[in-house]
Amino acid sequence: MINETELIERLKQGDETAFKTIVEQWQDMVYNTILGIVQNETEAEDLAQDVFIKVFEKIGTFKGDAKFSTWLYRIATTTALDHLRSKKRKKRFGFLQSLSGSSGEEKDQIPDFHHPGVRLDNKERASVLFKAIEELPDNQKAAYTLHKLEGLSYRDVSEVLSTTVSAVESLMSRANQNLRKQLEDYYNKHYR
Amino acid sequence: MIQKEKIQQEIERTLESLDGIKRAEANPYLFTRIKARMNKRTGAWERTFSFVSKPLVALAVLALVMAMNGWSYFDNSIPTENLVSEAPETASLPDFESEYKVITSTDSYDYENANDE
């Protein structure tokens with residue numbers, strides 16, 4: 001079993017076997033993080049590929065100040081959030097096109113997302129919660145996903161987001177408030 | 001009142017619905033797909049470089065650059081006084097200013113009432 005430092009050194013030298021080991025070792029972590037943020041399995045797989053290609057290309061910039069997993073989480077989170085931003089821009093453009101009479105119909109109406117790791121009896125509730133998470137601001141969404149889906153501590157989340165623990169506490173508190181408000185609106189409309 | 005309490009319970013249970021969630025598993029062929037994408041990218045660059053580095057292409061590009069260079073040299077060598085003398089009579093600067101209401105001093109510009117005219 002090769003240790004992490006040796007793997008990284010070998011990857012820096014362009015060793016393909018080391019790259020394969022890294023992908024296989026961290027692919028679920030990267031995929032799960034991205035999936036929680038983008039809430040679409042096909043997009044999450046494409047983005048996970050992007051993340052590992054970035055890792056291969058940028059490994060030379062990894063100085064080892066942070067843990068490798070922290071660096072990886074950072075790339076995964078940034079890639080996923082960038083993707084959402086570009087999707088939003090396209091949606092806005094589509095909306096403007098539809099106003100001007102062009103064929104800018106919204107093709108990517110996302111169906112309710114079901115995370116494969118949710119217990120069967122929680123499936124419907126989790127789907128409602130994911131819909132609410134989708135509406136959170138980017139930084140709250142990232143903090144909430146890393147903490148709830150990946151089980152990272154506030155300290156680990158703060159390292160990934162390059163911020164302080166108290167800032168993460170504040171982000172989580174605001175995320176919970178926002179989610180409560182959204183769920184309240186949802187259940188006021190749908191509760192029978 | 002009872003409904004409000006029930007809604008609060010629903011919210012709590014929904015917020016707890018991610019507790020004990022398992023990690024989603026990536027496609028087991030993820031590495032193969034990554035490799036395929038990387039090879040495709042490398043292949044595209046290699047094709048571009050091999051095309052550009054062909055002697056015929058390189059000579060053609062060189063000839064084109066030299067031709068453009070020569071053309072710009074001869075184009076600039078036309079005496080400028082000829083151009084000035086052949087130019088049609090132009091309006092004077094004050095005429096131009098009054099015609100297009102150009103404001104030459106920013107100090108006197110009335111920004112607040114600029115759109116009132």
# chains A, B, ... in the order shown; residues from 1 in each chain; ligands from 1

$ closest_atom_pairs --of "chain B" --to "chain A" --cutoff "10 Å" --atoms "only C-alpha atoms" --output "CSV"
residue,atom,partner,partner_atom,distance
B:Gln3,CA,A:Tyr191,CA,8.7
B:Lys4,CA,A:Asn188,CA,8.7
B:Lys6,CA,A:Tyr191,CA,9.0
B:Ile7,CA,A:Tyr187,CA,6.3
B:Gln8,CA,A:Glu184,CA,7.6
B:Glu10,CA,A:Tyr187,CA,7.7
B:Ile11,CA,A:Leu183,CA,6.1
B:Glu12,CA,A:Arg180,CA,8.4
B:Arg13,CA,A:Arg125,CA,7.8
B:Thr14,CA,A:Arg125,CA,5.1
B:Leu15,CA,A:Leu129,CA,6.8
B:Glu16,CA,A:Ala126,CA,8.5
B:Ser17,CA,A:Ala126,CA,5.3
B:Leu18,CA,A:Ala126,CA,6.3
B:Asp19,CA,A:Lys148,CA,7.5
B:Gly20,CA,A:Val118,CA,7.8
B:Ile21,CA,A:Val118,CA,5.0
B:Lys22,CA,A:Gly117,CA,4.2
B:Arg23,CA,A:Gly117,CA,5.7
B:Ala24,CA,A:Asn32,CA,5.1
B:Glu25,CA,A:Asp28,CA,5.0
B:Ala26,CA,A:Asp28,CA,5.1
B:Asn27,CA,A:Glu45,CA,7.5
B:Pro28,CA,A:Glu24,CA,8.4
B:Tyr29,CA,A:Glu24,CA,9.5
B:Leu30,CA,A:Gln49,CA,7.1
B:Phe31,CA,A:Val23,CA,6.4
B:Thr32,CA,A:Lys20,CA,9.1
B:Arg33,CA,A:Gln49,CA,7.5
B:Ile34,CA,A:Gln49,CA,5.5
B:Lys35,CA,A:Ile53,CA,8.8
B:Arg37,CA,A:Gln49,CA,8.5
B:Met38,CA,A:Ile53,CA,7.4

$ write_last_selection --atoms "N, CA and C atoms" --output "CSV table (one decimal), in the first residue's frame"
chain,number,residue,atom,x,y,z
B,3,GLN,N,-52.4,22.3,13.3
B,3,GLN,CA,-51.8,22.1,12.0
B,3,GLN,C,-50.4,22.8,12.0
B,4,LYS,N,-50.3,23.9,12.7
B,4,LYS,CA,-49.0,24.6,12.8
B,4,LYS,C,-48.0,23.7,13.4
B,6,LYS,N,-48.1,20.5,13.5
B,6,LYS,CA,-47.8,19.4,12.6
B,6,LYS,C,-46.8,19.8,11.6
B,7,ILE,N,-47.0,21.0,11.1
B,7,ILE,CA,-46.0,21.5,10.0
B,7,ILE,C,-44.6,21.6,10.6
B,8,GLN,N,-44.6,22.1,11.9
B,8,GLN,CA,-43.2,22.2,12.5
B,8,GLN,C,-42.6,20.8,12.6
B,10,GLU,N,-43.2,18.3,10.7
B,10,GLU,CA,-42.8,17.9,9.3
B,10,GLU,C,-41.4,18.5,8.9
B,11,ILE,N,-41.3,19.8,9.3
B,11,ILE,CA,-40.0,20.5,9.0
B,11,ILE,C,-38.8,19.8,9.7
B,12,GLU,N,-39.0,19.5,11.0
B,12,GLU,CA,-37.9,18.9,11.7
B,12,GLU,C,-37.6,17.5,11.1
B,13,ARG,N,-38.6,16.8,10.8
B,13,ARG,CA,-38.3,15.4,10.2
B,13,ARG,C,-37.7,15.5,8.8
B,14,THR,N,-38.0,16.6,8.1
B,14,THR,CA,-37.4,16.8,6.8
B,14,THR,C,-36.0,17.2,6.9
B,15,LEU,N,-35.7,18.0,7.9
B,15,LEU,CA,-34.3,18.5,8.1
B,15,LEU,C,-33.4,17.3,8.6
B,16,GLU,N,-34.1,16.3,9.2
B,16,GLU,CA,-33.3,15.2,9.7
B,16,GLU,C,-33.2,14.1,8.7
B,17,SER,N,-33.9,14.3,7.5
B,17,SER,CA,-33.9,13.2,6.5
B,17,SER,C,-32.6,12.8,5.9
B,18,LEU,N,-31.6,13.7,6.0
B,18,LEU,CA,-30.3,13.4,5.5
B,18,LEU,C,-29.4,12.7,6.5
B,19,ASP,N,-29.9,12.6,7.7
B,19,ASP,CA,-29.1,11.9,8.8
B,19,ASP,C,-28.8,10.5,8.4
B,20,GLY,N,-27.6,10.1,8.5
B,20,GLY,CA,-27.3,8.7,8.2
B,20,GLY,C,-27.2,8.4,6.7
B,21,ILE,N,-27.2,9.5,5.9
B,21,ILE,CA,-27.1,9.3,4.4
B,21,ILE,C,-25.8,8.6,4.0
B,22,LYS,N,-25.9,7.7,3.0
B,22,LYS,CA,-24.6,7.0,2.6
B,22,LYS,C,-24.1,7.8,1.4
B,23,ARG,N,-22.8,7.6,1.2
B,23,ARG,CA,-22.1,8.3,0.1
B,23,ARG,C,-22.5,7.7,-1.2
B,24,ALA,N,-22.8,8.6,-2.2
B,24,ALA,CA,-23.2,8.1,-3.5
B,24,ALA,C,-21.9,7.5,-4.2
B,25,GLU,N,-22.0,6.4,-4.9
B,25,GLU,CA,-20.8,5.8,-5.5
B,25,GLU,C,-20.7,6.3,-6.9
B,26,ALA,N,-19.5,6.6,-7.3
B,26,ALA,CA,-19.2,7.0,-8.6
B,26,ALA,C,-19.2,5.8,-9.6
B,27,ASN,N,-19.3,6.1,-10.9
B,27,ASN,CA,-19.2,5.1,-11.9
B,27,ASN,C,-17.9,4.3,-11.8
B,28,PRO,N,-18.0,3.0,-11.7
B,28,PRO,CA,-16.7,2.2,-11.6
B,28,PRO,C,-15.8,2.4,-12.7
B,29,TYR,N,-16.3,2.9,-13.9
B,29,TYR,CA,-15.4,3.1,-15.0
B,29,TYR,C,-15.0,4.6,-15.2
B,30,LEU,N,-15.0,5.3,-14.0
B,30,LEU,CA,-14.7,6.7,-14.1
B,30,LEU,C,-13.3,6.9,-14.6
B,31,PHE,N,-12.3,6.1,-14.1
B,31,PHE,CA,-10.9,6.3,-14.6
B,31,PHE,C,-10.8,6.1,-16.1
B,32,THR,N,-11.4,5.1,-16.6
B,32,THR,CA,-11.4,4.8,-18.0
B,32,THR,C,-11.9,6.0,-18.8
B,33,ARG,N,-13.0,6.6,-18.3
B,33,ARG,CA,-13.6,7.7,-19.0
B,33,ARG,C,-12.7,8.9,-19.0
B,34,ILE,N,-12.1,9.1,-17.8
B,34,ILE,CA,-11.1,10.3,-17.7
B,34,ILE,C,-10.0,10.1,-18.7
B,35,LYS,N,-9.4,8.9,-18.7
B,35,LYS,CA,-8.3,8.6,-19.6
B,35,LYS,C,-8.7,8.9,-21.1
B,37,ARG,N,-11.0,10.9,-22.2
B,37,ARG,CA,-11.1,12.3,-22.4
B,37,ARG,C,-9.8,13.0,-22.5
B,38,MET,N,-8.8,12.5,-21.7
B,38,MET,CA,-7.5,13.1,-21.7
B,38,MET,C,-6.8,12.8,-23.0

$ atom_distance --atom1 "CA of Phe62 in chain A" --atom2 "CA of Ile75 in chain A"
11.5 Å

$ select_by_dssp --residues "range 4-163 of chain A" --states "alpha helix (DSSP H)" --output "ChimeraX atom specification"
/A:4-12,16-38,41-58,68-99,123-134,138-148,154-160

$ closest_residue --among "A:Thr163, A:Ser86, A:Gln39, A:Thr79" --to "Glu135 in chain A" --atoms "only C-alpha atoms"
A:Gln39

$ residues_around --residues "Glu6 in chain A" --least-positions-apart "4" --cutoff "12 Å" --atoms "only C-alpha atoms" --output "list of chain:residue names"
A:Met1, A:Ile2, A:Arg10, A:Leu11, A:Lys12, A:Gln13, A:Asp15, A:Ala18, A:Phe19, A:Thr21, A:Ile22, A:Gly64, A:Phe68

$ write_last_selection --atoms "N, CA and C atoms" --output "PDB file, in the first residue's frame"
ATOM      1  N   MET A   1       0.858  -1.207   0.000  1.00  0.00           N
ATOM      2  CA  MET A   1       0.000   0.000   0.000  1.00  0.00           C
ATOM      3  C   MET A   1       0.891   1.253   0.000  1.00  0.00           C
ATOM      4  N   ILE A   2       0.744   2.066  -1.022  1.00  0.00           N
ATOM      5  CA  ILE A   2       1.574   3.272  -1.134  1.00  0.00           C
ATOM      6  C   ILE A   2       0.947   4.383  -0.299  1.00  0.00           C
ATOM      7  N   ARG A  10       4.610  10.789  -7.053  1.00  0.00           N
ATOM      8  CA  ARG A  10       4.625  10.035  -8.314  1.00  0.00           C
ATOM      9  C   ARG A  10       3.703  10.671  -9.340  1.00  0.00           C
ATOM     10  N   LEU A  11       2.579  11.221  -8.874  1.00  0.00           N
ATOM     11  CA  LEU A  11       1.659  11.900  -9.798  1.00  0.00           C
ATOM     12  C   LEU A  11       2.321  13.150 -10.379  1.00  0.00           C
ATOM     13  N   LYS A  12       3.098  13.824  -9.562  1.00  0.00           N
ATOM     14  CA  LYS A  12       3.807  15.026 -10.033  1.00  0.00           C
ATOM     15  C   LYS A  12       4.778  14.678 -11.161  1.00  0.00           C
ATOM     16  N   GLN A  13       5.249  13.435 -11.141  1.00  0.00           N
ATOM     17  CA  GLN A  13       6.157  12.996 -12.212  1.00  0.00           C
ATOM     18  C   GLN A  13       5.389  12.405 -13.395  1.00  0.00           C
ATOM     19  N   ASP A  15       3.128   9.883 -13.300  1.00  0.00           N
ATOM     20  CA  ASP A  15       2.919   8.435 -13.217  1.00  0.00           C
ATOM     21  C   ASP A  15       1.426   8.106 -13.344  1.00  0.00           C
ATOM     22  N   ALA A  18      -0.134   5.956 -10.487  1.00  0.00           N
ATOM     23  CA  ALA A  18      -0.435   6.770  -9.299  1.00  0.00           C
ATOM     24  C   ALA A  18      -1.735   7.536  -9.512  1.00  0.00           C
ATOM     25  N   PHE A  19      -1.918   8.057 -10.726  1.00  0.00           N
ATOM     26  CA  PHE A  19      -3.149   8.793 -11.042  1.00  0.00           C
ATOM     27  C   PHE A  19      -4.357   7.870 -10.913  1.00  0.00           C
ATOM     28  N   THR A  21      -4.642   5.206  -9.064  1.00  0.00           N
ATOM     29  CA  THR A  21      -4.872   4.915  -7.640  1.00  0.00           C
ATOM     30  C   THR A  21      -5.591   6.087  -6.967  1.00  0.00           C
ATOM     31  N   ILE A  22      -5.153   7.289  -7.311  1.00  0.00           N
ATOM     32  CA  ILE A  22      -5.780   8.484  -6.712  1.00  0.00           C
ATOM     33  C   ILE A  22      -7.251   8.570  -7.117  1.00  0.00           C
ATOM     34  N   GLY A  64       1.256  20.903  -0.406  1.00  0.00           N
ATOM     35  CA  GLY A  64       1.197  20.050   0.781  1.00  0.00           C
ATOM     36  C   GLY A  64       0.944  20.821   2.063  1.00  0.00           C
ATOM     37  N   PHE A  68      -4.327  16.595   1.248  1.00  0.00           N
ATOM     38  CA  PHE A  68      -4.681  16.380  -0.158  1.00  0.00           C
ATOM     39  C   PHE A  68      -6.201  16.342  -0.315  1.00  0.00           C
TER      40      PHE A  68
END

$ atom_distance --atom1 "CA of Ile37 in chain A" --atom2 "CA of Ala142 in chain A"
7.0 Å

$ atom_distance --atom1 "CA of Arg74 in chain A" --atom2 "CA of Leu146 in chain A"
10.4 Å

$ residues_around --residues "Asp156 in chain A" --least-positions-apart "3" --cutoff "9 Å" --atoms "only C-alpha atoms" --output "JSON, numbers by chain"
{"A": [70, 146, 147, 152, 153, 159, 160, 161, 165]}

$ closest_residue --among "A:Asp112, A:Leu47, A:Lys63, A:Ala143" --to "Lys131 in chain A" --atoms "only C-alpha atoms"
A:Asp112

$ residues_around --residues "Leu136 in chain A" --least-positions-apart "2" --cutoff "8 Å" --atoms "only C-alpha atoms" --output "PyMOL selection string"
chain A and resi 132-134+138+140-141+175+178-179

$ decode --residues "range 138-180 of chain A" --atoms "N, CA and C atoms" --output "short mmCIF file (atom, residue, chain, number, x, y, z; two decimals), in the first residue's frame"
data_model
loop_
_atom_site.label_atom_id
_atom_site.label_comp_id
_atom_site.auth_asym_id
_atom_site.auth_seq_id
_atom_site.Cartn_x
_atom_site.Cartn_y
_atom_site.Cartn_z
N ASP A 138 -24.64 30.20 -2.66
CA ASP A 138 -23.53 29.27 -2.93
C ASP A 138 -22.72 28.85 -1.70
N ASN A 139 -22.29 29.84 -0.89
CA ASN A 139 -21.42 29.49 0.24
C ASN A 139 -22.16 28.65 1.29
N GLN A 140 -23.45 28.96 1.51
CA GLN A 140 -24.24 28.16 2.46
C GLN A 140 -24.46 26.75 1.91
N LYS A 141 -24.72 26.69 0.59
CA LYS A 141 -24.93 25.39 -0.05
C LYS A 141 -23.69 24.52 0.09
N ALA A 142 -22.52 25.12 -0.15
CA ALA A 142 -21.27 24.36 -0.08
C ALA A 142 -21.04 23.86 1.35
N ALA A 143 -21.20 24.77 2.32
CA ALA A 143 -20.96 24.39 3.72
C ALA A 143 -21.94 23.29 4.16
N TYR A 144 -23.21 23.46 3.82
CA TYR A 144 -24.24 22.50 4.23
C TYR A 144 -23.97 21.12 3.61
N THR A 145 -23.63 21.12 2.30
CA THR A 145 -23.37 19.85 1.61
C THR A 145 -22.17 19.13 2.21
N LEU A 146 -21.09 19.88 2.41
CA LEU A 146 -19.87 19.25 2.94
C LEU A 146 -20.12 18.68 4.34
N HIS A 147 -20.90 19.40 5.14
CA HIS A 147 -21.14 18.96 6.51
C HIS A 147 -22.15 17.80 6.56
N LYS A 148 -23.26 17.97 5.84
CA LYS A 148 -24.33 16.97 5.94
C LYS A 148 -24.10 15.73 5.09
N LEU A 149 -23.62 15.94 3.87
CA LEU A 149 -23.47 14.80 2.96
C LEU A 149 -22.13 14.09 3.10
N GLU A 150 -21.10 14.88 3.37
CA GLU A 150 -19.77 14.28 3.47
C GLU A 150 -19.35 14.08 4.92
N GLY A 151 -20.15 14.61 5.83
CA GLY A 151 -19.88 14.42 7.25
C GLY A 151 -18.63 15.13 7.76
N LEU A 152 -18.23 16.21 7.07
CA LEU A 152 -17.04 16.95 7.52
C LEU A 152 -17.36 17.77 8.77
N SER A 153 -16.39 17.90 9.63
CA SER A 153 -16.57 18.75 10.82
C SER A 153 -16.52 20.21 10.37
N TYR A 154 -16.95 21.12 11.24
CA TYR A 154 -16.91 22.55 10.89
C TYR A 154 -15.47 22.99 10.60
N ARG A 155 -14.52 22.40 11.32
CA ARG A 155 -13.11 22.76 11.09
C ARG A 155 -12.68 22.35 9.68
N ASP A 156 -13.05 21.12 9.30
CA ASP A 156 -12.68 20.65 7.96
C ASP A 156 -13.36 21.49 6.87
N VAL A 157 -14.63 21.83 7.12
CA VAL A 157 -15.36 22.66 6.14
C VAL A 157 -14.65 24.01 6.01
N SER A 158 -14.22 24.55 7.15
CA SER A 158 -13.57 25.87 7.12
C SER A 158 -12.26 25.81 6.31
N GLU A 159 -11.57 24.67 6.40
CA GLU A 159 -10.33 24.53 5.61
C GLU A 159 -10.62 24.42 4.12
N VAL A 160 -11.67 23.69 3.80
CA VAL A 160 -12.04 23.56 2.37
C VAL A 160 -12.45 24.92 1.81
N LEU A 161 -13.25 25.66 2.57
CA LEU A 161 -13.76 26.95 2.07
C LEU A 161 -12.79 28.10 2.36
N SER A 162 -11.63 27.78 2.88
CA SER A 162 -10.61 28.77 3.24
C SER A 162 -11.18 29.90 4.10
N THR A 163 -11.85 29.51 5.17
CA THR A 163 -12.43 30.50 6.07
C THR A 163 -12.27 30.03 7.53
N THR A 164 -12.89 30.77 8.45
CA THR A 164 -12.72 30.40 9.86
C THR A 164 -13.85 29.48 10.32
N VAL A 165 -13.63 28.84 11.45
CA VAL A 165 -14.67 27.94 11.99
C VAL A 165 -15.92 28.74 12.35
N SER A 166 -15.73 29.94 12.92
CA SER A 166 -16.90 30.73 13.30
C SER A 166 -17.69 31.19 12.06
N ALA A 167 -16.97 31.41 10.95
CA ALA A 167 -17.68 31.78 9.72
C ALA A 167 -18.52 30.60 9.22
N VAL A 168 -17.99 29.40 9.39
CA VAL A 168 -18.75 28.21 8.98
C VAL A 168 -19.97 28.02 9.88
N GLU A 169 -19.77 28.26 11.18
CA GLU A 169 -20.91 28.16 12.12
C GLU A 169 -22.01 29.12 11.70
N SER A 170 -21.60 30.32 11.33
CA SER A 170 -22.57 31.33 10.90
C SER A 170 -23.25 30.90 9.59
N LEU A 171 -22.46 30.36 8.66
CA LEU A 171 -23.04 29.90 7.39
C LEU A 171 -24.07 28.79 7.63
N MET A 172 -23.73 27.87 8.52
CA MET A 172 -24.63 26.75 8.80
C MET A 172 -25.90 27.23 9.49
N SER A 173 -25.74 28.19 10.37
CA SER A 173 -26.90 28.71 11.09
C SER A 173 -27.86 29.41 10.11
N ARG A 174 -27.27 30.22 9.20
CA ARG A 174 -28.10 30.90 8.21
C ARG A 174 -28.72 29.90 7.23
N ALA A 175 -27.95 28.87 6.88
CA ALA A 175 -28.48 27.85 5.97
C ALA A 175 -29.69 27.16 6.61
N ASN A 176 -29.57 26.83 7.90
CA ASN A 176 -30.68 26.17 8.59
C ASN A 176 -31.91 27.07 8.67
N GLN A 177 -31.67 28.35 8.93
CA GLN A 177 -32.80 29.31 8.98
C GLN A 177 -33.50 29.38 7.63
N ASN A 178 -32.69 29.51 6.57
CA ASN A 178 -33.26 29.60 5.22
C ASN A 178 -34.04 28.34 4.86
N LEU A 179 -33.46 27.20 5.22
CA LEU A 179 -34.13 25.93 4.90
C LEU A 179 -35.46 25.82 5.65
N ARG A 180 -35.46 26.20 6.93
CA ARG A 180 -36.69 26.16 7.72
C ARG A 180 -37.77 27.01 7.08
#
